>>> print(open('protein_26.txt').read())   # compact mmCIF, C-alpha atoms (C1' of nucleotides)
# COMPACT_ATOMS: atom_id res chain seq x y z
CA MET A 1 -26.13 -39.71 -8.05
CA PHE A 2 -25.22 -38.38 -4.60
CA GLU A 3 -22.42 -40.81 -3.78
CA VAL A 4 -19.50 -38.50 -4.31
CA LEU A 5 -21.23 -35.57 -2.60
CA PHE A 6 -21.94 -37.44 0.61
CA GLN A 7 -18.53 -38.97 0.59
CA LYS A 8 -17.09 -35.46 0.52
CA PHE A 9 -19.41 -34.24 3.26
CA ASP A 10 -18.36 -37.17 5.44
CA GLU A 11 -14.75 -36.05 5.28
CA LYS A 12 -15.57 -32.75 6.97
CA ILE A 13 -18.88 -32.94 8.84
CA GLN A 14 -21.24 -35.52 10.38
CA LEU A 15 -24.68 -35.80 8.85
CA THR A 16 -27.56 -37.92 10.08
CA GLU A 17 -29.49 -40.06 7.63
CA GLU A 18 -32.37 -37.62 7.94
CA GLU A 19 -30.17 -34.69 7.12
CA LYS A 20 -28.84 -36.48 4.08
CA GLN A 21 -32.34 -37.05 2.79
CA LEU A 22 -33.22 -33.43 3.37
CA CYS A 23 -30.02 -32.42 1.71
CA LYS A 24 -30.89 -34.17 -1.52
CA SER A 25 -33.88 -31.93 -1.98
CA PHE A 26 -31.69 -28.85 -2.27
CA PHE A 27 -29.78 -30.01 -5.33
CA SER A 28 -30.87 -30.34 -8.94
CA PRO A 29 -28.98 -32.96 -10.94
CA LYS A 30 -27.77 -31.91 -14.35
CA LYS A 31 -25.93 -33.73 -17.12
CA LEU A 32 -23.58 -31.90 -19.39
CA ARG A 33 -21.97 -32.98 -22.65
CA LYS A 34 -18.38 -32.13 -23.35
CA ARG A 35 -18.00 -28.47 -24.30
CA GLN A 36 -21.40 -27.43 -22.94
CA TYR A 37 -21.49 -24.34 -20.78
CA ILE A 38 -23.14 -23.84 -17.42
CA LEU A 39 -22.07 -20.21 -17.24
CA GLN A 40 -21.03 -17.59 -19.73
CA GLU A 41 -19.25 -14.36 -18.93
CA GLY A 42 -21.80 -11.58 -18.52
CA ASP A 43 -24.62 -13.82 -17.33
CA VAL A 44 -25.48 -14.03 -13.67
CA CYS A 45 -24.20 -17.17 -11.98
CA LYS A 46 -27.30 -18.88 -10.61
CA TYR A 47 -25.70 -22.02 -9.20
CA VAL A 48 -22.78 -23.48 -7.40
CA ALA A 49 -22.00 -26.77 -9.11
CA PHE A 50 -20.71 -29.93 -7.50
CA VAL A 51 -19.06 -32.37 -9.89
CA GLU A 52 -20.25 -35.94 -9.38
CA LYS A 53 -18.62 -37.16 -12.56
CA GLY A 54 -16.54 -35.65 -15.33
CA MET A 55 -14.60 -32.42 -15.37
CA LEU A 56 -15.25 -28.71 -15.83
CA ARG A 57 -13.15 -25.60 -15.98
CA SER A 58 -13.65 -21.91 -15.29
CA TYR A 59 -11.79 -19.32 -17.32
CA THR A 60 -11.72 -15.68 -18.34
CA VAL A 61 -10.93 -14.19 -21.72
CA ASP A 62 -8.71 -11.11 -21.83
CA ASP A 63 -8.81 -8.18 -24.25
CA LYS A 64 -6.41 -9.96 -26.62
CA GLY A 65 -8.71 -12.95 -26.77
CA ASN A 66 -6.51 -15.22 -24.68
CA GLU A 67 -8.11 -17.63 -22.25
CA HIS A 68 -6.93 -17.81 -18.65
CA ILE A 69 -8.06 -20.86 -16.74
CA MET A 70 -8.87 -20.14 -13.11
CA GLN A 71 -9.86 -23.63 -12.04
CA PHE A 72 -10.30 -27.22 -13.08
CA ALA A 73 -13.01 -29.15 -11.24
CA PHE A 74 -12.85 -32.94 -11.20
CA GLU A 75 -15.16 -35.36 -9.38
CA GLY A 76 -15.76 -34.16 -5.85
CA TRP A 77 -14.93 -30.52 -6.56
CA TRP A 78 -17.10 -27.43 -6.49
CA ILE A 79 -17.09 -24.76 -9.14
CA SER A 80 -18.84 -21.44 -9.73
CA ASP A 81 -18.33 -17.71 -10.07
CA HIS A 82 -18.68 -16.97 -6.35
CA TYR A 83 -18.79 -13.27 -6.75
CA SER A 84 -21.55 -13.30 -9.31
CA PHE A 85 -23.40 -16.00 -7.40
CA LEU A 86 -23.42 -13.96 -4.23
CA THR A 87 -23.91 -10.45 -5.52
CA GLY A 88 -25.98 -11.05 -8.63
CA GLU A 89 -23.46 -9.08 -10.69
CA PRO A 90 -22.58 -10.38 -14.17
CA ALA A 91 -20.06 -13.21 -14.12
CA VAL A 92 -16.47 -12.68 -15.20
CA TYR A 93 -15.84 -16.39 -15.66
CA ASN A 94 -17.00 -18.87 -18.24
CA ILE A 95 -17.58 -22.41 -17.01
CA ASP A 96 -17.82 -25.38 -19.34
CA ALA A 97 -17.46 -29.15 -19.31
CA GLN A 98 -14.28 -30.73 -20.60
CA GLU A 99 -15.73 -34.23 -20.36
CA ASP A 100 -19.29 -35.48 -20.32
CA SER A 101 -20.25 -34.65 -16.76
CA GLU A 102 -22.85 -35.08 -14.06
CA LEU A 103 -23.45 -32.18 -11.75
CA LEU A 104 -25.45 -31.31 -8.67
CA LEU A 105 -26.58 -27.71 -8.78
CA LEU A 106 -27.26 -25.60 -5.73
CA SER A 107 -29.16 -22.36 -6.22
CA ARG A 108 -28.84 -19.30 -4.03
CA GLN A 109 -32.19 -19.98 -2.46
CA SER A 110 -31.44 -23.63 -1.83
CA GLU A 111 -28.12 -22.76 -0.32
CA GLU A 112 -29.74 -20.37 2.11
CA GLU A 113 -32.36 -22.88 3.07
CA MET A 114 -29.72 -25.53 3.50
CA LEU A 115 -27.66 -23.29 5.77
CA ARG A 116 -30.74 -22.37 7.77
CA LYS A 117 -31.94 -25.92 8.24
CA ILE A 118 -28.57 -27.57 8.70
CA PRO A 119 -26.27 -24.94 10.17
CA LYS A 120 -23.24 -27.19 10.23
CA PHE A 121 -22.95 -26.47 6.52
CA GLU A 122 -21.80 -23.00 7.47
CA ARG A 123 -18.67 -24.68 8.69
CA TYR A 124 -18.41 -26.86 5.63
CA PHE A 125 -18.58 -24.01 3.18
CA ARG A 126 -16.18 -21.96 5.23
CA ILE A 127 -13.63 -24.75 5.03
CA LEU A 128 -14.08 -24.97 1.26
CA LEU A 129 -13.59 -21.27 0.90
CA GLN A 130 -10.51 -21.31 3.08
CA ASN A 131 -8.90 -24.11 1.13
CA ASN A 132 -9.66 -22.35 -2.09
CA LEU A 133 -8.12 -19.12 -0.81
CA ILE A 134 -5.00 -20.89 0.40
CA ALA A 135 -4.54 -22.66 -2.93
CA THR A 136 -5.03 -19.43 -4.87
CA GLN A 137 -2.54 -17.57 -2.68
CA ARG A 138 -0.01 -20.34 -3.30
CA ARG A 139 -0.49 -20.04 -7.03
CA LEU A 140 -0.03 -16.29 -6.88
CA ILE A 141 3.18 -16.49 -4.88
CA SER A 142 4.38 -19.23 -7.17
CA SER A 143 3.69 -17.06 -10.22
CA HIS A 144 5.81 -14.35 -8.63
CA SER A 145 8.71 -16.50 -7.50
CA HIS A 146 8.99 -19.62 -9.64
CA THR A 147 9.84 -20.26 -13.28
CA ALA A 148 7.34 -21.79 -15.67
CA GLU A 149 9.13 -25.12 -15.39
CA GLU A 150 8.93 -25.12 -11.60
CA ARG A 151 5.26 -24.27 -11.70
CA TYR A 152 4.60 -27.04 -14.18
CA ASN A 153 6.30 -29.51 -11.87
CA GLU A 154 4.29 -28.28 -8.90
CA LEU A 155 1.12 -28.80 -10.89
CA ILE A 156 2.07 -32.32 -11.93
CA ASN A 157 3.18 -33.27 -8.44
CA GLY A 158 0.03 -31.87 -6.89
CA CYS A 159 -2.19 -33.61 -9.41
CA PRO A 160 -0.30 -36.37 -11.25
CA THR A 161 -3.30 -37.54 -13.24
CA ILE A 162 -3.97 -34.16 -14.77
CA PRO A 163 -2.06 -34.73 -18.05
CA GLN A 164 -4.33 -37.66 -18.83
CA ARG A 165 -7.42 -35.53 -18.54
CA VAL A 166 -6.41 -32.04 -19.59
CA PRO A 167 -4.89 -31.11 -22.94
CA GLN A 168 -1.48 -29.56 -22.70
CA HIS A 169 -2.48 -26.13 -23.89
CA MET A 170 -5.01 -25.90 -21.06
CA MET A 171 -2.40 -26.73 -18.48
CA ALA A 172 -0.36 -23.94 -20.05
CA SER A 173 -3.31 -21.60 -19.72
CA PHE A 174 -3.75 -22.59 -16.08
CA LEU A 175 -0.07 -21.90 -15.45
CA GLY A 176 -0.19 -18.58 -17.25
CA ILE A 177 2.19 -19.49 -20.07
CA THR A 178 1.77 -20.16 -23.79
CA PRO A 179 1.34 -23.67 -25.22
CA GLU A 180 4.59 -23.27 -27.11
CA THR A 181 6.50 -22.57 -23.93
CA LEU A 182 5.03 -25.59 -22.18
CA SER A 183 5.88 -27.79 -25.13
CA ARG A 184 9.50 -26.62 -24.98
CA ILE A 185 9.68 -27.10 -21.23
CA ARG A 186 8.52 -30.68 -21.57
CA LYS A 187 10.98 -31.38 -24.33
CA GLN A 188 13.81 -30.01 -22.26
CA MET A 189 12.74 -31.97 -19.19
CA ALA A 190 12.67 -35.16 -21.24
CA THR A 191 16.26 -34.76 -22.42
CA LYS A 192 17.51 -33.78 -18.96
CA SER A 193 16.44 -36.97 -17.24
CA MET B 1 -9.96 1.27 20.68
CA PHE B 2 -12.90 -0.54 19.10
CA GLU B 3 -14.20 2.26 16.91
CA VAL B 4 -12.96 0.97 13.60
CA LEU B 5 -13.90 -2.61 14.35
CA PHE B 6 -17.52 -1.83 15.13
CA GLN B 7 -17.74 0.50 12.20
CA LYS B 8 -16.68 -2.38 9.99
CA PHE B 9 -19.12 -4.79 11.61
CA ASP B 10 -21.93 -2.31 11.05
CA GLU B 11 -21.30 -2.38 7.32
CA LYS B 12 -22.09 -6.09 7.13
CA ILE B 13 -24.12 -7.24 10.15
CA GLN B 14 -26.40 -5.81 12.85
CA LEU B 15 -25.16 -6.08 16.43
CA THR B 16 -27.07 -5.13 19.58
CA GLU B 17 -25.34 -3.03 22.24
CA GLU B 18 -25.14 -6.15 24.39
CA GLU B 19 -23.47 -8.12 21.68
CA LYS B 20 -20.95 -5.36 21.15
CA GLN B 21 -20.03 -5.42 24.81
CA LEU B 22 -19.67 -9.18 24.74
CA CYS B 23 -17.65 -8.88 21.59
CA LYS B 24 -15.04 -6.71 23.21
CA SER B 25 -14.14 -9.48 25.62
CA PHE B 26 -12.95 -11.70 22.80
CA PHE B 27 -10.23 -9.37 21.58
CA SER B 28 -6.91 -8.47 23.13
CA PRO B 29 -5.56 -5.05 22.17
CA LYS B 30 -1.95 -4.89 21.14
CA LYS B 31 0.32 -2.04 20.12
CA LEU B 32 3.11 -2.59 17.67
CA ARG B 33 6.04 -0.38 16.75
CA LYS B 34 7.11 -0.06 13.16
CA ARG B 35 9.00 -3.15 12.04
CA GLN B 36 7.82 -5.34 14.90
CA TYR B 37 6.54 -8.80 13.99
CA ILE B 38 3.37 -10.49 15.09
CA LEU B 39 4.19 -13.64 13.15
CA GLN B 40 7.34 -15.23 11.81
CA GLU B 41 7.51 -17.98 9.24
CA GLY B 42 7.73 -21.34 10.98
CA ASP B 43 5.85 -20.28 14.09
CA VAL B 44 2.23 -21.17 14.56
CA CYS B 45 -0.17 -18.32 13.87
CA LYS B 46 -2.08 -17.85 17.12
CA TYR B 47 -4.19 -14.85 16.16
CA VAL B 48 -6.18 -13.15 13.51
CA ALA B 49 -5.36 -9.47 13.74
CA PHE B 50 -7.68 -6.56 13.07
CA VAL B 51 -5.96 -3.28 12.33
CA GLU B 52 -7.45 -0.37 14.29
CA LYS B 53 -4.62 1.95 13.35
CA GLY B 54 -1.45 1.75 11.31
CA MET B 55 -0.47 -0.75 8.66
CA LEU B 56 0.93 -4.27 8.47
CA ARG B 57 1.99 -6.59 5.71
CA SER B 58 2.29 -10.35 5.23
CA TYR B 59 5.01 -11.79 3.05
CA THR B 60 6.96 -14.93 2.22
CA VAL B 61 10.65 -15.29 1.49
CA ASP B 62 11.65 -17.57 -1.37
CA ASP B 63 14.74 -19.75 -1.71
CA LYS B 64 16.69 -16.91 -3.33
CA GLY B 65 15.91 -14.67 -0.36
CA ASN B 66 13.42 -12.49 -2.19
CA GLU B 67 10.37 -11.22 -0.34
CA HIS B 68 6.91 -11.61 -1.84
CA ILE B 69 4.22 -9.52 -0.24
CA MET B 70 0.88 -11.27 -0.06
CA GLN B 71 -1.12 -8.52 1.60
CA PHE B 72 -1.09 -5.03 3.02
CA ALA B 73 -3.49 -4.40 5.88
CA PHE B 74 -4.53 -0.83 6.62
CA GLU B 75 -7.03 0.40 9.22
CA GLY B 76 -10.15 -1.73 9.11
CA TRP B 77 -8.46 -4.75 7.53
CA TRP B 78 -7.80 -8.21 8.88
CA ILE B 79 -4.55 -10.06 8.53
CA SER B 80 -3.20 -13.49 9.49
CA ASP B 81 -1.87 -16.75 8.12
CA HIS B 82 -5.27 -18.42 7.87
CA TYR B 83 -3.91 -21.82 7.12
CA SER B 84 -1.59 -21.89 10.10
CA PHE B 85 -4.23 -20.32 12.31
CA LEU B 86 -6.75 -23.00 11.46
CA THR B 87 -4.60 -26.09 11.25
CA GLY B 88 -1.86 -25.33 13.75
CA GLU B 89 0.76 -25.98 11.08
CA PRO B 90 3.81 -23.69 10.94
CA ALA B 91 3.13 -20.41 9.18
CA VAL B 92 4.49 -19.71 5.72
CA TYR B 93 3.98 -15.97 6.06
CA ASN B 94 5.75 -13.33 8.05
CA ILE B 95 3.61 -10.48 9.34
CA ASP B 96 5.06 -7.20 10.56
CA ALA B 97 4.06 -3.61 11.11
CA GLN B 98 5.04 -0.98 8.57
CA GLU B 99 3.81 1.85 10.76
CA ASP B 100 3.26 2.09 14.50
CA SER B 101 0.00 0.20 14.82
CA GLU B 102 -2.84 -0.71 17.11
CA LEU B 103 -4.33 -4.15 16.73
CA LEU B 104 -7.15 -6.22 18.10
CA LEU B 105 -6.15 -9.86 18.33
CA LEU B 106 -8.57 -12.74 18.14
CA SER B 107 -7.33 -16.15 19.26
CA ARG B 108 -8.61 -19.45 17.95
CA GLN B 109 -10.46 -20.08 21.17
CA SER B 110 -12.00 -16.62 21.26
CA GLU B 111 -13.05 -16.94 17.67
CA GLU B 112 -14.84 -20.18 18.37
CA GLU B 113 -16.57 -18.74 21.41
CA MET B 114 -17.55 -15.69 19.45
CA LEU B 115 -19.04 -17.79 16.66
CA ARG B 116 -20.87 -19.94 19.18
CA LYS B 117 -22.31 -17.04 21.15
CA ILE B 118 -23.04 -14.73 18.23
CA PRO B 119 -23.63 -16.97 15.22
CA LYS B 120 -24.14 -14.08 12.84
CA PHE B 121 -20.38 -13.78 12.80
CA GLU B 122 -20.29 -16.96 10.73
CA ARG B 123 -21.77 -14.88 7.99
CA TYR B 124 -19.40 -12.02 8.60
CA PHE B 125 -16.29 -14.14 8.37
CA ARG B 126 -17.59 -15.91 5.33
CA ILE B 127 -18.02 -12.61 3.56
CA LEU B 128 -14.48 -11.59 4.47
CA LEU B 129 -13.14 -14.85 3.16
CA GLN B 130 -15.09 -14.53 -0.06
CA ASN B 131 -13.87 -11.02 -0.71
CA ASN B 132 -10.34 -12.09 -0.04
CA LEU B 133 -10.66 -15.01 -2.45
CA ILE B 134 -12.13 -12.83 -5.16
CA ALA B 135 -9.36 -10.25 -4.80
CA THR B 136 -6.67 -12.93 -4.88
CA GLN B 137 -8.17 -14.53 -7.99
CA ARG B 138 -8.16 -11.14 -9.68
CA ARG B 139 -4.52 -10.65 -8.86
CA LEU B 140 -3.66 -14.06 -10.23
CA ILE B 141 -5.48 -13.51 -13.51
CA SER B 142 -3.93 -10.09 -13.74
CA SER B 143 -0.46 -11.56 -13.27
CA HIS B 144 -1.17 -13.93 -16.14
CA SER B 145 -2.69 -11.45 -18.53
CA HIS B 146 -1.42 -7.93 -17.82
CA THR B 147 1.95 -6.26 -18.06
CA ALA B 148 3.74 -4.91 -15.01
CA GLU B 149 2.70 -1.38 -15.97
CA GLU B 150 -0.96 -2.34 -16.23
CA ARG B 151 -0.85 -4.08 -12.87
CA TYR B 152 0.78 -1.07 -11.29
CA ASN B 153 -1.99 1.14 -12.61
CA GLU B 154 -4.63 -1.24 -11.31
CA LEU B 155 -3.03 -1.09 -7.89
CA ILE B 156 -2.89 2.69 -7.84
CA ASN B 157 -6.44 3.06 -9.11
CA GLY B 158 -7.75 0.54 -6.58
CA CYS B 159 -5.90 2.20 -3.73
CA PRO B 160 -4.73 5.70 -4.66
CA THR B 161 -3.28 6.48 -1.24
CA ILE B 162 -0.96 3.52 -1.25
CA PRO B 163 2.14 5.32 -2.57
CA GLN B 164 2.00 7.66 0.42
CA ARG B 165 2.13 4.80 2.86
CA VAL B 166 4.09 2.04 1.17
CA PRO B 167 7.65 2.37 -0.14
CA GLN B 168 7.99 1.76 -3.82
CA HIS B 169 10.00 -1.43 -3.54
CA MET B 170 7.20 -2.98 -1.49
CA MET B 171 4.64 -2.13 -4.11
CA ALA B 172 7.00 -3.84 -6.54
CA SER B 173 7.13 -6.89 -4.30
CA PHE B 174 3.34 -6.95 -4.07
CA LEU B 175 3.10 -6.78 -7.85
CA GLY B 176 5.68 -9.50 -8.33
CA ILE B 177 8.29 -7.35 -10.08
CA THR B 178 11.68 -5.94 -9.09
CA PRO B 179 12.14 -2.43 -7.65
CA GLU B 180 14.24 -1.52 -10.68
CA THR B 181 11.45 -2.43 -13.05
CA LEU B 182 8.90 -0.40 -11.12
CA SER B 183 11.23 2.56 -11.08
CA ARG B 184 11.59 2.37 -14.87
CA ILE B 185 7.86 1.97 -15.36
CA ARG B 186 7.18 5.10 -13.36
CA LYS B 187 9.79 7.04 -15.25
CA GLN B 188 8.32 5.99 -18.55
CA MET B 189 4.79 6.84 -17.40
CA ALA B 190 5.94 10.30 -16.34
CA THR B 191 7.37 11.13 -19.76
CA LYS B 192 4.36 9.72 -21.60
CA SER B 193 1.83 12.03 -19.98
C1' DT C 1 25.02 16.74 14.05
C1' DT C 2 27.13 13.02 12.03
C1' DA C 3 26.76 8.28 10.92
C1' DT C 4 24.06 4.65 9.10
C1' DT C 5 20.70 2.42 7.09
C1' DT C 6 16.98 2.51 3.80
C1' DC C 7 15.30 3.79 -0.53
C1' DC C 8 15.28 5.12 -5.44
C1' DT C 9 17.41 5.64 -9.84
C1' DT C 10 20.17 4.54 -13.83
C1' DG C 11 23.13 1.85 -17.05
C1' DA C 12 24.86 -2.39 -19.26
C1' DC C 13 23.73 -6.78 -20.01
C1' DA C 14 21.30 -11.42 -19.58
C1' DT C 15 17.32 -14.37 -20.05
C1' DA C 16 12.81 -16.34 -19.71
C1' DC C 17 9.10 -16.27 -22.16
C1' DA C 18 5.97 -14.51 -26.03
C1' DT C 19 4.88 -14.09 -30.83
C1' DC C 20 4.37 -15.55 -35.50
C1' DA C 21 4.39 -19.01 -38.81
C1' DA C 22 4.70 -23.57 -40.68
C1' DT C 23 3.95 -28.53 -40.23
C1' DA C 24 2.00 -32.66 -38.93
C1' DG C 25 -0.37 -35.83 -35.98
C1' DT C 26 -5.01 -36.69 -33.74
C1' DT C 27 -9.52 -36.57 -32.85
C1' DT C 28 -14.17 -35.31 -33.97
C1' DT C 29 -17.89 -34.61 -37.11
C1' DC C 30 -21.02 -35.45 -40.76
C1' DG D 1 -14.12 -42.33 -44.66
C1' DA D 2 -13.14 -37.68 -46.04
C1' DA D 3 -13.22 -33.10 -44.20
C1' DA D 4 -12.76 -30.21 -40.50
C1' DA D 5 -11.31 -28.97 -36.12
C1' DC D 6 -8.23 -29.45 -32.55
C1' DT D 7 -3.65 -30.40 -30.64
C1' DA D 8 1.34 -30.55 -30.20
C1' DT D 9 5.89 -29.46 -32.05
C1' DT D 10 9.60 -26.68 -33.79
C1' DG D 11 12.26 -22.66 -35.62
C1' DA D 12 13.27 -17.74 -36.01
C1' DT D 13 12.87 -13.66 -33.81
C1' DG D 14 11.16 -10.03 -30.49
C1' DT D 15 10.51 -8.04 -25.92
C1' DA D 16 9.41 -7.45 -21.11
C1' DT D 17 11.53 -8.03 -17.18
C1' DG D 18 15.46 -9.67 -14.25
C1' DT D 19 20.33 -9.22 -12.60
C1' DC D 20 24.34 -6.91 -11.14
C1' DA D 21 26.62 -2.83 -9.96
C1' DA D 22 27.11 1.91 -8.71
C1' DG D 23 25.79 6.55 -6.89
C1' DG D 24 23.00 9.62 -4.56
C1' DA D 25 18.93 11.18 -1.87
C1' DA D 26 16.22 10.68 2.08
C1' DA D 27 15.02 8.95 6.40
C1' DT D 28 16.49 7.14 10.89
C1' DA D 29 19.45 6.42 14.62
C1' DA D 30 23.13 7.55 17.76
>>> encode(input="protein_26.txt", output="structure tokens")
Amino acid sequence: MFEVLFQKFDEKIQLTEEEKQLCKSFFSPKKLRKRQYILQEGDVCKYVAFVEKGMLRSYTVDDKGNEHIMQFAFEGWWISDHYSFLTGEPAVYNIDAQEDSELLLLSRQSEEEMLRKIPKFERYFRILLQNNLIATQRRLISSHSHTAEERYNELINGCPTIPQRVPQHMMASFLGITPETLSRIRKQMATKS
Amino acid sequence: MFEVLFQKFDEKIQLTEEEKQLCKSFFSPKKLRKRQYILQEGDVCKYVAFVEKGMLRSYTVDDKGNEHIMQFAFEGWWISDHYSFLTGEPAVYNIDAQEDSELLLLSRQSEEEMLRKIPKFERYFRILLQNNLIATQRRLISSHSHTAEERYNELINGCPTIPQRVPQHMMASFLGITPETLSRIRKQMATKS
DNA sequence: TTATTTCCTTGACATACATCAATAGTTTTC
DNA sequence: GAAAACTATTGATGTATGTCAAGGAAATAA
């Protein structure tokens, strides 16, 4: 159950065997079937979720009813509505599973205890946050400077396996374009090469 | 010189008088004339800058030569190329002053020392990072779901003084639209009301 | 002060992308 | 195994925004 988590920790920080054991106590495992939610817009986000297996997404719904995907989270990724989690305000994101998934949930209280007892996690979570910020800034600049086709290629190059796991219309949503446009882009790319 | 900085610290964390004195030693003051750079794309970002007075911006230049403003930083704000600062990789952002400015610079080494000697700054910088991430996510979703006019209104509502300090074409760049489009939007808004 | 750069506006035109609607293939559900 | 839901494609058409070009106002520099 904790394989992927510890593997990820090892990439960034050194934990003793003791610390790993302690660590386990902070998380609650949770299984999710495809299409189940762990967070709905308006509720307070009680957990940060680590994906051991499967895949989730976070998204908002605008006033016209269109979904806008903020993030996909595959194995080894974290997902939550940070703002809601930290402030206790209602969440703006929905989070649901796109495949049957296994999660490790970290509550606010557990997180605090974890940071208190193993301070090197401060560093770990700061690195996560930084990487997330950098990636989001890149997407924003890309939205402002690249065409839909260029952004689609960036997505595929950055994550070549994504088309096998995410339906096309969700990639479109992630990119901020309509499914029809993405379909046409792919058609055009196919004839070009 | 440190008034604004300590005022900002006070909003988020409690510092003793001693700690404040110690704190001062980590920063180097720097004055900048309008249009001077503290970072150019390709160089390594050596500092995180806190703005005591004035205003800076960070921006990238795309392959067509267009500028895309990532951030404005007024008094009390921080600005840098985080990624470059942390990894030592060449910066992707340019950062320059838009008004004569007074900065407090924090080097990598000073930051580490500061975090080591006054660990509560871990928390402080995490909060900054989180707020930055949340704001950037909002902008991204907004780019994907709102029209240029709506985004302009969001900007003005969120920061009503901005038109007095930032030329219109830079607001356009921040919003990801052309100066011509912003000009037309404003004209249209004026006739509507 | 004049000269020069920066900034904003406006018009004519081009284009990337959205919208709406129909169809059909696929997968899921009962 | 039939019905229902979901997914991708394609065409016709609409629209927000970009591009290019010009002129003038305002700020800055010399």
>>> residues_around(input="protein_26.txt", residues="region 9-20 of chain C", least_positions_apart="4", cutoff="8 Å", atoms="only C-alpha atoms (C1' of nucleotides)", output="VMD selection string")
(chain A and resid 177 to 178 181) or (chain B and resid 180 183) or (chain D and resid 14 to 15 18 to 19)
>>> atom_distance(input="protein_26.txt", atom1="C1' of DC7 (chain C)", atom2="CA of Pro163 (chain B)")
13.4 Å
>>> interface_residues(input="protein_26.txt", of="chain A", to="chain B", cutoff="7 Å", atoms="all atoms listed in the file", output="number ranges by chain")
A: 62, 68, 83, 126, 129-130, 133-134, 136-137, 140-141, 144-145, 176
>>> interface_residues(input="protein_26.txt", of="chain A", to="chain D", cutoff="9 Å", atoms="all atoms listed in the file", output="number ranges by chain")
A: 167-169, 179-180, 183-184
>>> residues_near_point(input="protein_26.txt", point="(-24.0, -14.0, -9.9)", cutoff="10 Å", atoms="all atoms listed in the file", output="CSV table (one decimal) with C-alpha atoms, keeping the file's coordinate frame")
chain,number,residue,atom,x,y,z
A,39,LEU,CA,-22.1,-20.2,-17.2
A,42,GLY,CA,-21.8,-11.6,-18.5
A,43,ASP,CA,-24.6,-13.8,-17.3
A,44,VAL,CA,-25.5,-14.0,-13.7
A,45,CYS,CA,-24.2,-17.2,-12.0
A,46,LYS,CA,-27.3,-18.9,-10.6
A,47,TYR,CA,-25.7,-22.0,-9.2
A,48,VAL,CA,-22.8,-23.5,-7.4
A,80,SER,CA,-18.8,-21.4,-9.7
A,81,ASP,CA,-18.3,-17.7,-10.1
A,82,HIS,CA,-18.7,-17.0,-6.4
A,83,TYR,CA,-18.8,-13.3,-6.8
A,84,SER,CA,-21.6,-13.3,-9.3
A,85,PHE,CA,-23.4,-16.0,-7.4
A,86,LEU,CA,-23.4,-14.0,-4.2
A,87,THR,CA,-23.9,-10.4,-5.5
A,88,GLY,CA,-26.0,-11.0,-8.6
A,89,GLU,CA,-23.5,-9.1,-10.7
A,90,PRO,CA,-22.6,-10.4,-14.2
A,91,ALA,CA,-20.1,-13.2,-14.1
A,92,VAL,CA,-16.5,-12.7,-15.2
A,108,ARG,CA,-28.8,-19.3,-4.0
>>> residues_around(input="protein_26.txt", residues="Arg35 (chain B)", least_positions_apart="6", cutoff="12 Å", atoms="only C-alpha atoms (C1' of nucleotides)", output="PDB file with C-alpha atoms, in the frame of the given file")
ATOM      1  CA  GLY B  54      -1.450   1.750  11.310  1.00  0.00           C
ATOM      2  CA  MET B  55      -0.470  -0.750   8.660  1.00  0.00           C
ATOM      3  CA  LEU B  56       0.930  -4.270   8.470  1.00  0.00           C
ATOM      4  CA  ARG B  57       1.990  -6.590   5.710  1.00  0.00           C
ATOM      5  CA  SER B  58       2.290 -10.350   5.230  1.00  0.00           C
ATOM      6  CA  ASN B  94       5.750 -13.330   8.050  1.00  0.00           C
ATOM      7  CA  ILE B  95       3.610 -10.480   9.340  1.00  0.00           C
ATOM      8  CA  ASP B  96       5.060  -7.200  10.560  1.00  0.00           C
ATOM      9  CA  ALA B  97       4.060  -3.610  11.110  1.00  0.00           C
ATOM     10  CA  GLN B  98       5.040  -0.980   8.570  1.00  0.00           C
ATOM     11  CA  GLU B  99       3.810   1.850  10.760  1.00  0.00           C
ATOM     12  CA  ASP B 100       3.260   2.090  14.500  1.00  0.00           C
ATOM     13  CA  SER B 101       0.000   0.200  14.820  1.00  0.00           C
TER      14      SER B 101
END
>>> atom_distance(input="protein_26.txt", atom1="CA of Met114 (chain A)", atom2="CA of Leu15 (chain A)")
12.6 Å
>>> closest_residue(input="protein_26.txt", among="A:Glu17, A:Leu32, A:Met1, A:Ile185", to="chain C", atoms="only C-alpha atoms (C1' of nucleotides)")
A:Ile185
>>> atom_distance(input="protein_26.txt", atom1="C1' of DA21 (chain C)", atom2="CA of Ala148 (chain A)")
23.5 Å
>>> residues_near_point(input="protein_26.txt", point="(-23.0, -24.8, -8.8)", cutoff="7 Å", atoms="only C-alpha atoms (C1' of nucleotides)", output="list of chain:residue names")
A:Tyr47, A:Val48, A:Ala49, A:Phe50, A:Trp78, A:Ile79, A:Ser80, A:Leu104, A:Leu105, A:Leu106
>>> axis_aligned_box(input="protein_26.txt", around="region 26-30 of chain A", padding_each_side="4 Å", output="AutoDock Vina command-line options")
--center_x -29.7 --center_y -30.9 --center_z -8.3 --size_x 11.9 --size_y 12.1 --size_z 20.1
>>> residues_around(input="protein_26.txt", residues="Glu3 (chain A)", least_positions_apart="6", cutoff="12 Å", atoms="only C-alpha atoms (C1' of nucleotides)", output="list of chain:residue names")
A:Phe9, A:Asp10, A:Lys20, A:Lys24, A:Phe50, A:Val51, A:Glu52, A:Lys53, A:Glu75, A:Gly76, A:Glu102, A:Leu103, A:Leu104
